[in-house]
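Here is the file entry_24.cif (mmCIF, N, CA and C atoms).
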data_start
loop_
_atom_site.label_atom_id
_atom_site.label_comp_id
_atom_site.auth_asym_id
_atom_site.auth_seq_id
_atom_site.Cartn_x
_atom_site.Cartn_y
_atom_site.Cartn_z
N MET K 25 72.53 -43.17 -18.97
CA MET K 25 71.84 -42.73 -20.16
C MET K 25 71.88 -43.85 -21.20
N PRO K 26 70.78 -44.05 -21.85
CA PRO K 26 70.78 -45.08 -22.90
C PRO K 26 71.57 -44.60 -24.12
N LYS K 27 72.21 -45.53 -24.77
CA LYS K 27 72.93 -45.22 -26.01
C LYS K 27 71.98 -45.41 -27.18
N LEU K 28 72.04 -44.50 -28.13
CA LEU K 28 71.19 -44.57 -29.32
C LEU K 28 71.98 -45.10 -30.49
N PRO K 29 71.32 -45.79 -31.40
CA PRO K 29 72.00 -46.17 -32.65
C PRO K 29 72.44 -44.90 -33.39
N GLU K 30 73.54 -44.97 -34.12
CA GLU K 30 74.10 -43.79 -34.79
C GLU K 30 73.13 -43.15 -35.77
N ASP K 31 72.23 -43.92 -36.35
CA ASP K 31 71.30 -43.36 -37.35
C ASP K 31 70.02 -42.82 -36.73
N SER K 32 69.93 -42.79 -35.40
CA SER K 32 68.73 -42.26 -34.72
C SER K 32 68.64 -40.75 -34.89
N GLU K 33 67.47 -40.28 -35.24
CA GLU K 33 67.20 -38.84 -35.29
C GLU K 33 66.68 -38.43 -33.92
N VAL K 34 67.29 -37.43 -33.33
CA VAL K 34 66.87 -36.96 -32.01
C VAL K 34 66.17 -35.61 -32.20
N GLU K 35 64.96 -35.52 -31.71
CA GLU K 35 64.19 -34.28 -31.78
C GLU K 35 64.63 -33.36 -30.65
N VAL K 36 64.86 -32.09 -30.96
CA VAL K 36 65.31 -31.11 -29.97
C VAL K 36 64.16 -30.17 -29.65
N LYS K 37 63.94 -29.96 -28.36
CA LYS K 37 62.91 -29.02 -27.91
C LYS K 37 63.58 -28.03 -26.97
N LEU K 38 63.09 -26.80 -26.98
CA LEU K 38 63.62 -25.79 -26.07
C LEU K 38 62.82 -25.77 -24.78
N ASP K 39 63.52 -25.72 -23.68
CA ASP K 39 62.93 -25.60 -22.37
C ASP K 39 62.24 -24.24 -22.27
N SER K 40 61.19 -24.16 -21.51
CA SER K 40 60.46 -22.89 -21.41
C SER K 40 61.22 -21.85 -20.59
N GLY K 41 62.24 -22.25 -19.85
CA GLY K 41 63.00 -21.29 -19.04
C GLY K 41 63.97 -20.51 -19.90
N ALA K 42 63.51 -19.49 -20.58
CA ALA K 42 64.34 -18.71 -21.49
C ALA K 42 64.75 -17.37 -20.87
N ALA K 43 64.85 -17.32 -19.56
CA ALA K 43 65.17 -16.06 -18.89
C ALA K 43 66.51 -15.50 -19.35
N MET K 44 67.50 -16.36 -19.59
CA MET K 44 68.81 -15.88 -20.02
C MET K 44 68.70 -15.15 -21.36
N LEU K 45 67.86 -15.65 -22.24
CA LEU K 45 67.69 -15.00 -23.53
C LEU K 45 67.02 -13.65 -23.38
N GLU K 46 66.00 -13.57 -22.57
CA GLU K 46 65.31 -12.30 -22.37
C GLU K 46 66.26 -11.25 -21.78
N GLN K 47 67.09 -11.66 -20.83
CA GLN K 47 68.03 -10.73 -20.22
C GLN K 47 69.07 -10.23 -21.22
N ALA K 48 69.40 -11.06 -22.20
CA ALA K 48 70.43 -10.71 -23.17
C ALA K 48 69.93 -9.76 -24.26
N ILE K 49 68.62 -9.66 -24.42
CA ILE K 49 68.06 -8.82 -25.49
C ILE K 49 67.66 -7.47 -24.89
N PRO K 50 68.32 -6.39 -25.31
CA PRO K 50 67.95 -5.06 -24.80
C PRO K 50 66.48 -4.74 -25.08
N ALA K 51 65.89 -3.94 -24.21
CA ALA K 51 64.46 -3.61 -24.31
C ALA K 51 64.10 -3.05 -25.69
N ILE K 52 64.95 -2.21 -26.24
CA ILE K 52 64.63 -1.61 -27.55
C ILE K 52 64.55 -2.68 -28.64
N LEU K 53 65.40 -3.71 -28.56
CA LEU K 53 65.32 -4.79 -29.54
C LEU K 53 64.09 -5.66 -29.32
N ARG K 54 63.72 -5.90 -28.06
CA ARG K 54 62.51 -6.68 -27.77
C ARG K 54 61.29 -5.97 -28.35
N ARG K 55 61.23 -4.64 -28.16
CA ARG K 55 60.12 -3.88 -28.74
C ARG K 55 60.12 -3.99 -30.26
N GLY K 56 61.32 -3.89 -30.85
CA GLY K 56 61.42 -3.99 -32.30
C GLY K 56 60.96 -5.34 -32.82
N LEU K 57 61.28 -6.41 -32.10
CA LEU K 57 60.83 -7.75 -32.50
C LEU K 57 59.31 -7.86 -32.42
N PHE K 58 58.73 -7.23 -31.41
CA PHE K 58 57.28 -7.26 -31.25
C PHE K 58 56.61 -6.45 -32.36
N GLU K 59 57.15 -5.27 -32.64
CA GLU K 59 56.52 -4.37 -33.60
C GLU K 59 56.74 -4.78 -35.05
N ALA K 60 57.74 -5.61 -35.31
CA ALA K 60 58.04 -6.01 -36.69
C ALA K 60 58.15 -7.53 -36.78
N PRO K 61 57.02 -8.22 -36.86
CA PRO K 61 57.08 -9.68 -36.97
C PRO K 61 57.97 -10.09 -38.14
N GLY K 62 58.80 -11.08 -37.90
CA GLY K 62 59.75 -11.53 -38.91
C GLY K 62 61.11 -10.89 -38.76
N ALA K 63 61.23 -9.88 -37.88
CA ALA K 63 62.54 -9.25 -37.64
C ALA K 63 63.47 -10.29 -37.03
N ARG K 64 64.76 -10.07 -37.16
CA ARG K 64 65.74 -11.02 -36.67
C ARG K 64 66.77 -10.33 -35.78
N ILE K 65 67.32 -11.10 -34.87
CA ILE K 65 68.47 -10.68 -34.09
C ILE K 65 69.50 -11.79 -34.20
N VAL K 66 70.75 -11.44 -33.94
CA VAL K 66 71.84 -12.41 -34.02
C VAL K 66 72.44 -12.53 -32.63
N ALA K 67 72.67 -13.79 -32.19
CA ALA K 67 73.14 -14.00 -30.83
C ALA K 67 74.12 -15.16 -30.76
N VAL K 68 74.90 -15.17 -29.70
CA VAL K 68 75.72 -16.31 -29.33
C VAL K 68 75.01 -16.94 -28.15
N VAL K 69 74.72 -18.23 -28.25
CA VAL K 69 73.91 -18.89 -27.23
C VAL K 69 74.59 -20.18 -26.79
N GLU K 70 74.54 -20.45 -25.49
CA GLU K 70 75.02 -21.71 -24.94
C GLU K 70 73.82 -22.46 -24.39
N PHE K 71 73.68 -23.72 -24.81
CA PHE K 71 72.59 -24.57 -24.36
C PHE K 71 73.12 -25.66 -23.45
N ALA K 72 72.25 -26.17 -22.58
CA ALA K 72 72.54 -27.35 -21.77
C ALA K 72 71.34 -28.28 -21.89
N SER K 73 71.60 -29.57 -22.01
CA SER K 73 70.48 -30.51 -22.05
C SER K 73 69.96 -30.69 -20.64
N THR K 74 68.64 -30.64 -20.50
CA THR K 74 68.03 -30.72 -19.17
C THR K 74 67.19 -31.97 -18.98
N MET K 75 66.76 -32.60 -20.08
CA MET K 75 65.90 -33.76 -19.95
C MET K 75 65.90 -34.52 -21.27
N TYR K 76 65.76 -35.82 -21.18
CA TYR K 76 65.60 -36.60 -22.40
C TYR K 76 64.41 -37.52 -22.25
N THR K 77 63.82 -37.92 -23.37
CA THR K 77 62.70 -38.84 -23.39
C THR K 77 63.02 -39.92 -24.41
N GLY K 78 63.00 -41.13 -23.96
CA GLY K 78 63.19 -42.27 -24.85
C GLY K 78 61.86 -42.97 -25.05
N HIS K 79 61.83 -43.91 -25.96
CA HIS K 79 60.61 -44.65 -26.23
C HIS K 79 60.94 -46.13 -26.33
N ALA K 80 59.98 -46.94 -26.06
CA ALA K 80 60.18 -48.39 -26.12
C ALA K 80 60.57 -48.81 -27.53
N ALA K 81 61.32 -49.89 -27.61
CA ALA K 81 61.74 -50.43 -28.91
C ALA K 81 60.50 -50.69 -29.76
N GLY K 82 60.58 -50.35 -31.02
CA GLY K 82 59.47 -50.57 -31.94
C GLY K 82 58.48 -49.43 -32.00
N GLU K 83 58.59 -48.45 -31.10
CA GLU K 83 57.71 -47.29 -31.15
C GLU K 83 58.11 -46.41 -32.32
N ASP K 84 57.13 -45.77 -32.91
CA ASP K 84 57.39 -44.93 -34.09
C ASP K 84 57.57 -43.47 -33.70
N LYS K 85 58.33 -43.23 -32.61
CA LYS K 85 58.58 -41.87 -32.14
C LYS K 85 60.09 -41.67 -32.02
N SER K 86 60.52 -40.46 -32.34
CA SER K 86 61.94 -40.12 -32.21
C SER K 86 62.27 -39.84 -30.75
N PRO K 87 63.49 -40.17 -30.32
CA PRO K 87 63.92 -39.76 -28.98
C PRO K 87 63.96 -38.23 -28.94
N GLN K 88 63.77 -37.68 -27.75
CA GLN K 88 63.74 -36.22 -27.61
C GLN K 88 64.72 -35.78 -26.53
N VAL K 89 65.29 -34.61 -26.74
CA VAL K 89 66.13 -33.99 -25.72
C VAL K 89 65.65 -32.55 -25.56
N LYS K 90 65.58 -32.09 -24.33
CA LYS K 90 65.14 -30.72 -24.05
C LYS K 90 66.37 -29.90 -23.69
N LEU K 91 66.48 -28.72 -24.29
CA LEU K 91 67.61 -27.83 -24.06
C LEU K 91 67.16 -26.57 -23.34
N ARG K 92 68.01 -26.09 -22.47
CA ARG K 92 67.76 -24.82 -21.78
C ARG K 92 68.88 -23.86 -22.15
N ILE K 93 68.52 -22.60 -22.35
CA ILE K 93 69.51 -21.56 -22.63
C ILE K 93 70.22 -21.24 -21.32
N LYS K 94 71.54 -21.41 -21.30
CA LYS K 94 72.32 -21.14 -20.10
C LYS K 94 72.99 -19.77 -20.17
N LEU K 95 73.47 -19.40 -21.33
CA LEU K 95 74.09 -18.08 -21.54
C LEU K 95 73.68 -17.58 -22.91
N ALA K 96 73.51 -16.27 -23.02
CA ALA K 96 73.17 -15.67 -24.31
C ALA K 96 73.66 -14.24 -24.36
N GLU K 97 74.19 -13.86 -25.49
CA GLU K 97 74.57 -12.47 -25.75
C GLU K 97 74.07 -12.12 -27.14
N VAL K 98 73.41 -10.99 -27.26
CA VAL K 98 72.83 -10.56 -28.52
C VAL K 98 73.68 -9.44 -29.11
N ALA K 99 73.98 -9.55 -30.39
CA ALA K 99 74.71 -8.49 -31.09
C ALA K 99 73.80 -7.28 -31.21
N THR K 100 74.34 -6.10 -30.87
CA THR K 100 73.51 -4.90 -30.89
C THR K 100 74.02 -3.85 -31.86
N GLU K 101 75.19 -4.06 -32.42
CA GLU K 101 75.77 -3.08 -33.35
C GLU K 101 75.99 -3.73 -34.70
N GLY K 102 75.98 -2.93 -35.74
CA GLY K 102 76.15 -3.43 -37.10
C GLY K 102 77.40 -4.28 -37.29
N ASP K 103 78.54 -3.84 -36.74
CA ASP K 103 79.77 -4.61 -36.90
C ASP K 103 79.68 -5.95 -36.19
N GLN K 104 79.09 -5.98 -35.00
CA GLN K 104 78.93 -7.24 -34.28
C GLN K 104 78.05 -8.20 -35.08
N ILE K 105 76.97 -7.68 -35.61
CA ILE K 105 76.04 -8.51 -36.38
C ILE K 105 76.74 -9.08 -37.61
N ARG K 106 77.46 -8.24 -38.35
CA ARG K 106 78.17 -8.70 -39.54
C ARG K 106 79.20 -9.76 -39.17
N GLN K 107 79.95 -9.53 -38.10
CA GLN K 107 80.98 -10.49 -37.69
C GLN K 107 80.37 -11.82 -37.26
N LEU K 108 79.31 -11.77 -36.48
CA LEU K 108 78.67 -13.02 -36.06
C LEU K 108 78.10 -13.79 -37.25
N ARG K 109 77.53 -13.07 -38.19
CA ARG K 109 77.00 -13.76 -39.37
C ARG K 109 78.12 -14.39 -40.18
N GLU K 110 79.26 -13.73 -40.26
CA GLU K 110 80.38 -14.32 -40.99
C GLU K 110 80.89 -15.57 -40.26
N VAL K 111 80.95 -15.52 -38.95
CA VAL K 111 81.35 -16.71 -38.18
C VAL K 111 80.33 -17.83 -38.43
N MET K 112 79.05 -17.50 -38.43
CA MET K 112 78.02 -18.51 -38.70
C MET K 112 78.19 -19.12 -40.09
N ARG K 113 78.45 -18.28 -41.08
CA ARG K 113 78.64 -18.78 -42.44
C ARG K 113 79.86 -19.69 -42.51
N ALA K 114 80.94 -19.30 -41.82
CA ALA K 114 82.15 -20.12 -41.82
C ALA K 114 81.88 -21.46 -41.13
N MET K 115 81.15 -21.44 -40.02
CA MET K 115 80.83 -22.68 -39.33
C MET K 115 79.96 -23.58 -40.21
N TYR K 116 79.03 -22.97 -40.92
CA TYR K 116 78.18 -23.73 -41.83
C TYR K 116 79.02 -24.39 -42.93
N ARG K 117 79.89 -23.59 -43.53
CA ARG K 117 80.75 -24.15 -44.60
C ARG K 117 81.59 -25.29 -44.05
N GLN K 118 82.13 -25.08 -42.85
CA GLN K 118 82.97 -26.12 -42.25
C GLN K 118 82.16 -27.39 -42.00
N ARG K 119 80.97 -27.22 -41.47
CA ARG K 119 80.11 -28.38 -41.20
C ARG K 119 79.76 -29.10 -42.49
N LYS K 120 79.39 -28.36 -43.52
CA LYS K 120 79.00 -28.97 -44.79
C LYS K 120 80.17 -29.64 -45.48
N MET K 121 81.37 -29.16 -45.23
CA MET K 121 82.55 -29.71 -45.90
C MET K 121 83.32 -30.67 -45.00
N ASN K 122 82.70 -31.10 -43.92
CA ASN K 122 83.33 -32.06 -43.01
C ASN K 122 84.64 -31.59 -42.45
N GLY K 123 84.67 -30.34 -42.04
CA GLY K 123 85.83 -29.84 -41.31
C GLY K 123 86.88 -29.13 -42.12
N THR K 124 86.71 -28.94 -43.42
CA THR K 124 87.72 -28.21 -44.18
C THR K 124 87.10 -26.98 -44.82
N LEU K 125 87.79 -25.87 -44.69
CA LEU K 125 87.36 -24.65 -45.36
C LEU K 125 88.25 -24.34 -46.55
N ASP K 126 89.37 -25.03 -46.67
CA ASP K 126 90.36 -24.74 -47.70
C ASP K 126 89.81 -24.83 -49.12
N GLU K 127 88.89 -25.76 -49.36
CA GLU K 127 88.41 -25.98 -50.71
C GLU K 127 87.56 -24.83 -51.25
N VAL K 128 87.10 -23.94 -50.36
CA VAL K 128 86.25 -22.84 -50.79
C VAL K 128 87.07 -21.74 -51.43
N GLY K 129 88.32 -21.63 -51.09
CA GLY K 129 89.16 -20.56 -51.63
C GLY K 129 89.83 -19.83 -50.49
N ASN K 130 89.96 -18.53 -50.61
CA ASN K 130 90.64 -17.73 -49.59
C ASN K 130 89.69 -17.35 -48.46
N VAL K 131 89.14 -18.34 -47.82
CA VAL K 131 88.23 -18.11 -46.70
C VAL K 131 89.05 -18.18 -45.42
N PRO K 132 88.98 -17.15 -44.58
CA PRO K 132 89.73 -17.21 -43.33
C PRO K 132 89.24 -18.35 -42.46
N ASP K 133 90.15 -18.92 -41.67
CA ASP K 133 89.70 -20.01 -40.80
C ASP K 133 88.86 -19.47 -39.65
N LEU K 134 88.16 -20.36 -39.01
CA LEU K 134 87.22 -19.97 -37.97
C LEU K 134 87.91 -19.26 -36.81
N ASP K 135 89.10 -19.71 -36.43
CA ASP K 135 89.82 -19.05 -35.33
C ASP K 135 90.10 -17.59 -35.67
N SER K 136 90.49 -17.31 -36.90
CA SER K 136 90.76 -15.93 -37.30
C SER K 136 89.49 -15.08 -37.24
N LEU K 137 88.38 -15.67 -37.67
CA LEU K 137 87.12 -14.93 -37.62
C LEU K 137 86.74 -14.59 -36.18
N VAL K 138 86.89 -15.54 -35.28
CA VAL K 138 86.56 -15.29 -33.88
C VAL K 138 87.52 -14.27 -33.29
N ASP K 139 88.83 -14.38 -33.61
CA ASP K 139 89.79 -13.39 -33.13
C ASP K 139 89.42 -11.99 -33.60
N ASP K 140 89.04 -11.87 -34.86
CA ASP K 140 88.62 -10.57 -35.39
C ASP K 140 87.40 -10.04 -34.65
N LEU K 141 86.45 -10.93 -34.40
CA LEU K 141 85.24 -10.55 -33.69
C LEU K 141 85.56 -10.03 -32.29
N LEU K 142 86.47 -10.70 -31.60
CA LEU K 142 86.77 -10.34 -30.23
C LEU K 142 87.73 -9.16 -30.10
N ALA K 143 88.41 -8.80 -31.16
CA ALA K 143 89.41 -7.73 -31.10
C ALA K 143 88.81 -6.40 -30.64
N ALA K 144 87.57 -6.15 -30.99
CA ALA K 144 86.95 -4.87 -30.64
C ALA K 144 86.21 -4.91 -29.30
N HIS K 145 86.28 -6.04 -28.61
CA HIS K 145 85.57 -6.19 -27.35
C HIS K 145 86.55 -6.21 -26.18
N PRO K 146 86.08 -5.82 -25.00
CA PRO K 146 86.97 -5.80 -23.83
C PRO K 146 87.47 -7.20 -23.49
N THR K 147 88.70 -7.26 -23.01
CA THR K 147 89.26 -8.53 -22.54
C THR K 147 88.71 -8.81 -21.15
N GLU K 148 88.95 -10.00 -20.65
CA GLU K 148 88.51 -10.35 -19.29
C GLU K 148 89.18 -9.44 -18.27
N THR K 149 90.46 -9.13 -18.48
CA THR K 149 91.18 -8.25 -17.56
C THR K 149 90.58 -6.85 -17.58
N GLU K 150 90.29 -6.31 -18.77
CA GLU K 150 89.67 -4.99 -18.87
C GLU K 150 88.31 -4.97 -18.18
N TYR K 151 87.56 -6.05 -18.31
CA TYR K 151 86.26 -6.14 -17.66
C TYR K 151 86.41 -6.14 -16.14
N LYS K 152 87.36 -6.89 -15.63
CA LYS K 152 87.58 -6.94 -14.17
C LYS K 152 87.98 -5.57 -13.64
N VAL K 153 88.84 -4.85 -14.36
CA VAL K 153 89.23 -3.50 -13.95
C VAL K 153 88.01 -2.59 -13.92
N HIS K 154 87.16 -2.69 -14.94
CA HIS K 154 85.93 -1.91 -15.00
C HIS K 154 85.03 -2.22 -13.79
N GLU K 155 84.86 -3.50 -13.49
CA GLU K 155 84.03 -3.91 -12.35
C GLU K 155 84.58 -3.36 -11.04
N GLU K 156 85.90 -3.38 -10.87
CA GLU K 156 86.52 -2.84 -9.66
C GLU K 156 86.25 -1.34 -9.54
N ARG K 157 86.38 -0.63 -10.66
CA ARG K 157 86.09 0.81 -10.65
C ARG K 157 84.65 1.09 -10.28
N GLU K 158 83.74 0.30 -10.85
CA GLU K 158 82.32 0.46 -10.54
C GLU K 158 82.06 0.20 -9.06
N ARG K 159 82.66 -0.86 -8.54
CA ARG K 159 82.48 -1.19 -7.12
C ARG K 159 83.02 -0.09 -6.24
N ALA K 160 84.20 0.43 -6.58
CA ALA K 160 84.82 1.50 -5.80
C ALA K 160 83.95 2.76 -5.85
N ALA K 161 83.41 3.07 -7.02
CA ALA K 161 82.56 4.26 -7.16
C ALA K 161 81.29 4.11 -6.33
N ARG K 162 80.71 2.92 -6.32
CA ARG K 162 79.49 2.69 -5.54
C ARG K 162 79.76 2.75 -4.04
N SER K 163 80.89 2.22 -3.61
CA SER K 163 81.16 2.19 -2.17
C SER K 163 81.49 3.58 -1.63
N GLY K 164 82.02 4.46 -2.46
CA GLY K 164 82.36 5.81 -2.03
C GLY K 164 81.27 6.82 -2.33
N HIS K 165 80.21 6.40 -3.00
CA HIS K 165 79.13 7.30 -3.42
C HIS K 165 78.38 7.86 -2.22
N GLY K 166 78.21 9.17 -2.20
CA GLY K 166 77.42 9.80 -1.17
C GLY K 166 78.20 10.11 0.09
N ARG K 167 79.46 9.74 0.13
CA ARG K 167 80.25 9.97 1.33
C ARG K 167 81.05 11.26 1.16
N VAL K 168 81.02 12.08 2.18
CA VAL K 168 81.78 13.35 2.15
C VAL K 168 82.91 13.24 3.15
N GLU K 169 84.10 13.47 2.67
CA GLU K 169 85.25 13.45 3.59
C GLU K 169 85.71 14.86 3.83
N ARG K 170 86.05 15.11 5.07
CA ARG K 170 86.53 16.44 5.45
C ARG K 170 88.01 16.36 5.76
N PHE K 171 88.70 17.31 5.27
CA PHE K 171 90.16 17.38 5.53
C PHE K 171 90.44 18.58 6.40
N GLY K 172 91.32 18.42 7.39
CA GLY K 172 91.80 19.53 8.19
C GLY K 172 90.95 19.94 9.26
#
Output the structure of this file as structure tokens.
Amino acid sequence: MPKLPEDSEVEVKLDSGAAMLEQAIPAILRRGLFEAPGARIVAVVEFASTMYTGHAAGEDKSPQVKLRIKLAEVATEGDQIRQLREVMRAMYRQRKMNGTLDEVGNVPDLDSLVDDLLAAHPTETEYKVHEERERAARSGHGRVERFG
């Protein structure tokens, strides 16, 4: 990969393969977005760079990178939405202040905000137990056992 000068502006474009995003948005929210232009949803999204475009020296075009959505989860409840927005605000403050939140006042650190957000959600272990129960229920479904 070519190295860019530190002052280079890189244009970001989204890849058309947004299937992960569509899967993460429940049907009722998709309908709501369609029926109410300008409506918003809040999500946690993971991107991966899939392609870059450079230009010859002296060209008056910015380098470009294309991103694809790899994982996405959309907040569907009021508490989730509020928590994600607070995490976003904290990340914004941190970015604008070059990594310190202390100067703002009694603002919780980002780790605390994320911990609070995750406290109401199932742990990985709880999810695995749930998946095992679902698998067991499906494998035994429709089977009649006779005793005696």
Point-to-point distance in Å for atom CA of Pro146 of chain K and atom CA of Gln104 of chain K: 13.3 Å
Expected selection from the PyMOL selection byres ((chain K and resi 56-72) around 6.5), given as a list of chain:residue names: K:Ala51, K:Ile52, K:Leu53, K:Arg54, K:Arg55, K:Ser73, K:Thr74, K:Lys90, K:Leu91, K:Arg92, K:Ile93, K:Lys94, K:Leu95, K:Ala96, K:Glu97, K:Val98, K:Ala99, K:Ile105
Separation of atom C of Met44 of chain K from atom N of Pro87 of chain K in Å: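 So the two atoms, atom N of Pro87 of chain K and atom C of Met44 of chain K, lie 27.1 Å apart.
With atom CA of Thr77 of chain K on one side and atom CA of Glu35 of chain K on the other, the separation reads 9.7 Å.
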Test item: the PyMOL selection byres (((chain K and resi 36 and name CA) around 7) and name CA) resolved as a PyMOL selection string: chain K and resi 34-35+37-38+88-90
Backbone DSSP call of strand (DSSP E or B) for chain K, listed as a list in words: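 Restricting chain K to strand (DSSP E or B) produces Glu35, Val36, Lys37, Leu38, Ala67, Val68, Val69, Glu70, Phe71, Ala72, Ser73, Thr74, Met75, Tyr76, Thr77, Gln88, Val89, Lys90, Leu91, Arg92, Ile93, Lys94, Leu95, Ala96, Glu97 and Val98 of chain K.
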Pick from K:Ala143, K:Glu110, K:Glu33, K:Gln118 nearest to Lys85 of chain K, counting all atoms listed in the file: K:Glu33
Residues flagged helix (DSSP H, G or I) by DSSP in chain K, as an MDAnalysis selection string: chainID K and resid 43:48 51:59 102:120 126:128 134:143 148:164
Proximity to Ala144 of chain K - best of K:Asp103, K:Glu158, K:Arg109, K:Leu45, only C-alpha atoms: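 Distance minimum relative to Ala144 of chain K lands on K:Asp103.
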Quick one: 4 Å padding each side, axis-aligned, all listed atoms of segment 152-160 of chain K - centre and edge lengths in Å to one decimal, as lines of an AutoDock Vina configuration file?
center_x = 85.6
center_y = -2.1
center_z = -10.7
size_x = 15.2
size_y = 17.7
size_z = 17.8
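When only C-alpha atoms are used to compute distances to Ala80 of chain K, the closest of the residues K:Glu156, K:Pro26, K:Met112, K:Asp140 turns out to be K:Pro26.
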Nearest candidate to Ser32 of chain K (options K:Thr100, K:Ser163, K:Gln107, K:Ser86; using only N, CA and C atoms):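 Ranked by minimum distance to Ser32 of chain K, first place goes to K:Ser86.
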